[in-house]
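What follows is a short report on a single structure.
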Amino acid sequence: GLTPCYTVGGSVYRRGESTPDCNWAANGYRLPTEAEWEKAARGELVGARYPWGNEIDCSKANYSGCVVQTSPVGSYAPNGYGLYDMAGNVWEWVWDWFDSRYYAVSPGSDPRGPASGAARVSRGGGWSRYARHCRGAYRNFLWPDGESYYLGFRLARTAP
């Protein structure tokens, strides 16, 4: 009963079609923007490296040297917004196209990323990468047709 956010030429997007458009006013599920993801990951803790503070160890997140595979969701304490696994475990796709210079020219509030690009941003680090990749501000990128055992996503909806 929700209005899909993603369309191609006005039709509901299906995997394998050309790059979808996003109707930001729709109430359906979508990937978060990079800015939304980072705000959610910080969980009200502004200025800290990680969702819980400035230090990391294997009791707080799954990264290289901890568990050598994906952990079950909720294996670590939630952040200040009650969200689990925002650092480590798997990289998470976000809506934005990757451009290393984008934030120098982006809107100051609610940026939605460049209009086009070759790779999409991924955030959060993962079980196969180093602790530094789990920082709230760390950015990575992957090509949209890529598949990996260390990549996932979480859904967002625009608040009514």
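Every chain in the structure tokens has a letter given in the order shown (A, B, ...), and although residue numbers restart at 1 in each chain, ligands are simply numbered from 1 in the order shown.
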
Exercise. Just the residues within 8 Å of region 34-39 of chain A, please, counting only C-alpha atoms, with nothing from its chain fewer than 4 positions along; format it as a VMD selection string.
Key: chain A and resid 43 to 44 94 to 96 110 to 113 121 123 136 to 137

Write the selection just made, keeping N, CA and C atoms, as a compact mmCIF listing (two decimals), in the first residue's frame?
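The result, stored in result-v7.txt:
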# COMPACT_ATOMS: atom_id res chain seq x y z
N GLY A 43 23.86 8.37 15.75
CA GLY A 43 22.92 8.16 16.85
C GLY A 43 22.96 9.22 17.93
N GLU A 44 22.98 10.46 17.58
CA GLU A 44 23.02 11.62 18.47
C GLU A 44 24.40 11.89 19.07
N VAL A 94 24.29 3.04 -0.02
CA VAL A 94 23.43 4.21 0.15
C VAL A 94 23.07 4.73 -1.24
N TRP A 95 22.16 5.66 -1.33
CA TRP A 95 21.66 6.14 -2.61
C TRP A 95 22.70 6.89 -3.42
N ASP A 96 23.56 7.66 -2.79
CA ASP A 96 24.45 8.62 -3.46
C ASP A 96 25.45 7.98 -4.41
N ASP A 110 20.64 18.31 4.15
CA ASP A 110 20.01 17.20 3.45
C ASP A 110 20.53 16.99 2.02
N PRO A 111 21.84 16.88 1.81
CA PRO A 111 22.35 16.63 0.46
C PRO A 111 21.95 15.23 -0.01
N ARG A 112 21.68 15.10 -1.31
CA ARG A 112 21.25 13.81 -1.87
C ARG A 112 22.26 13.25 -2.86
N GLY A 113 23.45 13.78 -2.84
CA GLY A 113 24.51 13.25 -3.68
C GLY A 113 24.48 13.77 -5.10
N VAL A 121 28.12 5.03 -3.21
CA VAL A 121 28.77 5.09 -1.90
C VAL A 121 28.34 3.89 -1.06
N ARG A 123 28.90 2.57 3.15
CA ARG A 123 29.32 3.11 4.44
C ARG A 123 29.32 2.02 5.50
N GLY A 136 32.35 6.67 11.57
CA GLY A 136 31.12 7.24 11.04
C GLY A 136 31.32 8.07 9.79
N ALA A 137 32.47 8.69 9.63
CA ALA A 137 32.73 9.57 8.49
C ALA A 137 33.42 8.87 7.33

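Taking only C-alpha atoms, the non-local environment of region 144-147 of chain A within 10 Å (same-chain residues fewer than 3 positions away omitted) comprises Gly16, Thr19, Trp93, Trp97, Ala118, Ala119, Arg120, Val121, Phe141, Tyr150, Leu151 and Gly152 of chain A.
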
Using only all heavy atoms, please write the residues we just selected to a file, as a JSON list (two decimals), in the first residue's frame.
[["chain", "number", "residue", "atom", "x", "y", "z"],
["A", 16, "GLY", "N", 18.04, -4.58, -12.95],
["A", 16, "GLY", "CA", 18.58, -4.76, -14.28],
["A", 16, "GLY", "C", 18.18, -3.68, -15.26],
["A", 16, "GLY", "O", 18.73, -3.59, -16.34],
["A", 19, "THR", "N", 19.29, 3.14, -14.66],
["A", 19, "THR", "CA", 19.35, 3.78, -13.35],
["A", 19, "THR", "C", 18.00, 4.38, -12.97],
["A", 19, "THR", "O", 17.42, 5.14, -13.74],
["A", 19, "THR", "CB", 20.42, 4.88, -13.34],
["A", 19, "THR", "OG1", 21.66, 4.30, -13.72],
["A", 19, "THR", "CG2", 20.55, 5.52, -11.98],
["A", 93, "TRP", "N", 25.10, -0.19, 1.24],
["A", 93, "TRP", "CA", 24.83, 0.69, 0.10],
["A", 93, "TRP", "C", 24.04, 1.89, 0.59],
["A", 93, "TRP", "O", 23.17, 1.76, 1.45],
["A", 93, "TRP", "CB", 23.93, 0.01, -0.93],
["A", 93, "TRP", "CG", 24.55, -1.02, -1.81],
["A", 93, "TRP", "CD1", 24.23, -2.34, -1.81],
["A", 93, "TRP", "CD2", 25.52, -0.84, -2.82],
["A", 93, "TRP", "NE1", 24.96, -2.98, -2.77],
["A", 93, "TRP", "CE2", 25.76, -2.08, -3.40],
["A", 93, "TRP", "CE3", 26.22, 0.26, -3.29],
["A", 93, "TRP", "CZ2", 26.67, -2.27, -4.44],
["A", 93, "TRP", "CZ3", 27.13, 0.08, -4.32],
["A", 93, "TRP", "CH2", 27.35, -1.16, -4.88],
["A", 97, "TRP", "N", 25.66, 8.67, -5.52],
["A", 97, "TRP", "CA", 26.79, 8.36, -6.38],
["A", 97, "TRP", "C", 28.05, 8.89, -5.70],
["A", 97, "TRP", "O", 28.01, 9.90, -5.01],
["A", 97, "TRP", "CB", 26.64, 9.04, -7.75],
["A", 97, "TRP", "CG", 25.56, 8.49, -8.59],
["A", 97, "TRP", "CD1", 24.35, 9.06, -8.87],
["A", 97, "TRP", "CD2", 25.57, 7.24, -9.29],
["A", 97, "TRP", "NE1", 23.61, 8.24, -9.69],
["A", 97, "TRP", "CE2", 24.35, 7.12, -9.96],
["A", 97, "TRP", "CE3", 26.50, 6.21, -9.41],
["A", 97, "TRP", "CZ2", 24.03, 6.01, -10.74],
["A", 97, "TRP", "CZ3", 26.18, 5.10, -10.19],
["A", 97, "TRP", "CH2", 24.95, 5.02, -10.84],
["A", 118, "ALA", "N", 29.72, 6.76, -11.56],
["A", 118, "ALA", "CA", 30.04, 5.39, -11.96],
["A", 118, "ALA", "C", 29.90, 4.41, -10.80],
["A", 118, "ALA", "O", 29.61, 3.24, -11.01],
["A", 118, "ALA", "CB", 31.46, 5.33, -12.52],
["A", 119, "ALA", "N", 30.10, 4.89, -9.58],
["A", 119, "ALA", "CA", 30.07, 4.02, -8.40],
["A", 119, "ALA", "C", 29.16, 4.63, -7.34],
["A", 119, "ALA", "O", 29.02, 5.85, -7.25],
["A", 119, "ALA", "CB", 31.47, 3.84, -7.83],
["A", 120, "ARG", "N", 28.55, 3.77, -6.55],
["A", 120, "ARG", "CA", 27.70, 4.22, -5.45],
["A", 120, "ARG", "C", 28.49, 4.18, -4.15],
["A", 120, "ARG", "O", 29.41, 3.37, -3.98],
["A", 120, "ARG", "CB", 26.48, 3.31, -5.29],
["A", 120, "ARG", "CG", 25.52, 3.34, -6.45],
["A", 120, "ARG", "CD", 24.55, 4.49, -6.34],
["A", 120, "ARG", "NE", 23.52, 4.39, -7.37],
["A", 120, "ARG", "CZ", 22.61, 5.30, -7.56],
["A", 120, "ARG", "NH1", 22.57, 6.38, -6.82],
["A", 120, "ARG", "NH2", 21.73, 5.16, -8.51],
["A", 121, "VAL", "N", 28.12, 5.03, -3.21],
["A", 121, "VAL", "CA", 28.77, 5.09, -1.90],
["A", 121, "VAL", "C", 28.34, 3.89, -1.06],
["A", 121, "VAL", "O", 27.19, 3.47, -1.11],
["A", 121, "VAL", "CB", 28.42, 6.41, -1.19],
["A", 121, "VAL", "CG1", 29.00, 6.45, 0.22],
["A", 121, "VAL", "CG2", 28.90, 7.60, -2.01],
["A", 141, "PHE", "N", 33.33, 3.19, -1.90],
["A", 141, "PHE", "CA", 32.46, 3.11, -3.07],
["A", 141, "PHE", "C", 32.57, 1.74, -3.71],
["A", 141, "PHE", "O", 33.58, 1.06, -3.60],
["A", 141, "PHE", "CB", 32.79, 4.21, -4.08],
["A", 141, "PHE", "CG", 34.18, 4.13, -4.63],
["A", 141, "PHE", "CD1", 34.45, 3.38, -5.77],
["A", 141, "PHE", "CD2", 35.23, 4.79, -4.01],
["A", 141, "PHE", "CE1", 35.72, 3.30, -6.29],
["A", 141, "PHE", "CE2", 36.51, 4.71, -4.52],
["A", 141, "PHE", "CZ", 36.77, 3.97, -5.65],
["A", 150, "TYR", "N", 30.36, -9.24, 1.68],
["A", 150, "TYR", "CA", 30.55, -8.26, 2.75],
["A", 150, "TYR", "C", 29.75, -6.99, 2.51],
["A", 150, "TYR", "O", 30.03, -5.95, 3.06],
["A", 150, "TYR", "CB", 32.03, -7.92, 2.94],
["A", 150, "TYR", "CG", 32.74, -7.42, 1.70],
["A", 150, "TYR", "CD1", 32.60, -6.11, 1.28],
["A", 150, "TYR", "CD2", 33.56, -8.26, 0.96],
["A", 150, "TYR", "CE1", 33.24, -5.65, 0.15],
["A", 150, "TYR", "CE2", 34.20, -7.81, -0.16],
["A", 150, "TYR", "CZ", 34.04, -6.52, -0.56],
["A", 150, "TYR", "OH", 34.68, -6.05, -1.68],
["A", 151, "LEU", "N", 28.71, -7.06, 1.67],
["A", 151, "LEU", "CA", 27.91, -5.90, 1.33],
["A", 151, "LEU", "C", 26.45, -6.15, 1.65],
["A", 151, "LEU", "O", 25.92, -7.23, 1.40],
["A", 151, "LEU", "CB", 28.05, -5.61, -0.17],
["A", 151, "LEU", "CG", 27.27, -4.44, -0.72],
["A", 151, "LEU", "CD1", 27.77, -3.13, -0.12],
["A", 151, "LEU", "CD2", 27.41, -4.40, -2.24],
["A", 152, "GLY", "N", 25.78, -5.14, 2.21],
["A", 152, "GLY", "CA", 24.36, -5.24, 2.52],
["A", 152, "GLY", "C", 23.71, -3.88, 2.36],
["A", 152, "GLY", "O", 24.27, -2.98, 1.74]]

Quiz prompt | Residue list (alpha helix (DSSP H), DSSP) for chain A, as a list in words | solution = Glu34, Ala35, Glu36, Trp37, Glu38, Lys39, Ala40, Ala41 and Arg42 of chain A

Please build the interface table for region 86-146 of chain A against region 61-67 of chain A with a cut-off of 10 Å, listing for each qualifying residue the nearest atom pair and the distance in Å to one decimal; count only C-alpha atoms, order rows by chain and increasing number, and write it as a Markdown table.
| residue | atom | partner | partner_atom | distance |
| --- | --- | --- | --- | --- |
| A:Met86 | CA | A:Ala61 | CA | 8.7 |
| A:Ala87 | CA | A:Ala61 | CA | 6.2 |
| A:Gly88 | CA | A:Asn62 | CA | 4.9 |
| A:Asn89 | CA | A:Asn62 | CA | 4.9 |
| A:Val90 | CA | A:Asn62 | CA | 8.5 |
| A:Gly125 | CA | A:Tyr63 | CA | 7.3 |
| A:Gly126 | CA | A:Tyr63 | CA | 5.5 |
| A:Trp127 | CA | A:Tyr63 | CA | 3.8 |
| A:Ser128 | CA | A:Ser64 | CA | 4.8 |
| A:Arg129 | CA | A:Ser64 | CA | 4.9 |
| A:Tyr130 | CA | A:Ser64 | CA | 5.2 |
| A:Ala131 | CA | A:Tyr63 | CA | 6.0 |
| A:Arg132 | CA | A:Tyr63 | CA | 9.3 |
| A:His133 | CA | A:Tyr63 | CA | 8.6 |
| A:Cys134 | CA | A:Tyr63 | CA | 7.7 |

Quiz prompt | Between CA of Arg30 (chain A) and CA of Pro160 (chain A), distance in Å (one decimal) | solution =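 Between CA of Arg30 (chain A) and CA of Pro160 (chain A) the gap works out to 14.3 Å.
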
Practice problem: Please provide as a ChimeraX atom specification all residues within 7 Å of region 153-156 of chain A, with the sequence filter that same-chain residues fewer than 2 positions apart are discarded (counting only C-alpha atoms). | Solution: /A:29-32,92-93,158

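Taking only C-alpha atoms into account, Asp85 (chain A) lies nearest to A:Ser71 out of the set A:Ser71, A:Ser116, A:Ser106, A:Thr7.
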
Given only C-alpha atoms, how would the per-residue table for region 76-99 of chain A near region 51-55 of chain A read, listing every residue at most 10 Å away with its closest atom pair and distance in Å to one decimal, sorted by chain and number, as CSV?
residue,atom,partner,partner_atom,distance
A:Ala77,CA,A:Trp52,CA,8.9
A:Pro78,CA,A:Pro51,CA,8.6
A:Asn79,CA,A:Pro51,CA,5.8
A:Gly80,CA,A:Pro51,CA,7.7
A:Tyr81,CA,A:Pro51,CA,9.7
A:Leu83,CA,A:Pro51,CA,9.6
A:Tyr84,CA,A:Pro51,CA,9.8
A:Asp85,CA,A:Pro51,CA,9.4
A:Met86,CA,A:Pro51,CA,7.3
A:Ala87,CA,A:Pro51,CA,7.2

Exercise. Check the smallest atom-to-atom distance from each of A:Thr3, A:Ala41, A:Val12, A:Asp99 to Gly117 (chain A) using only C-alpha atoms, then report the winner.
Key: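 The answer is A:Asp99, which sits nearest to Gly117 (chain A).
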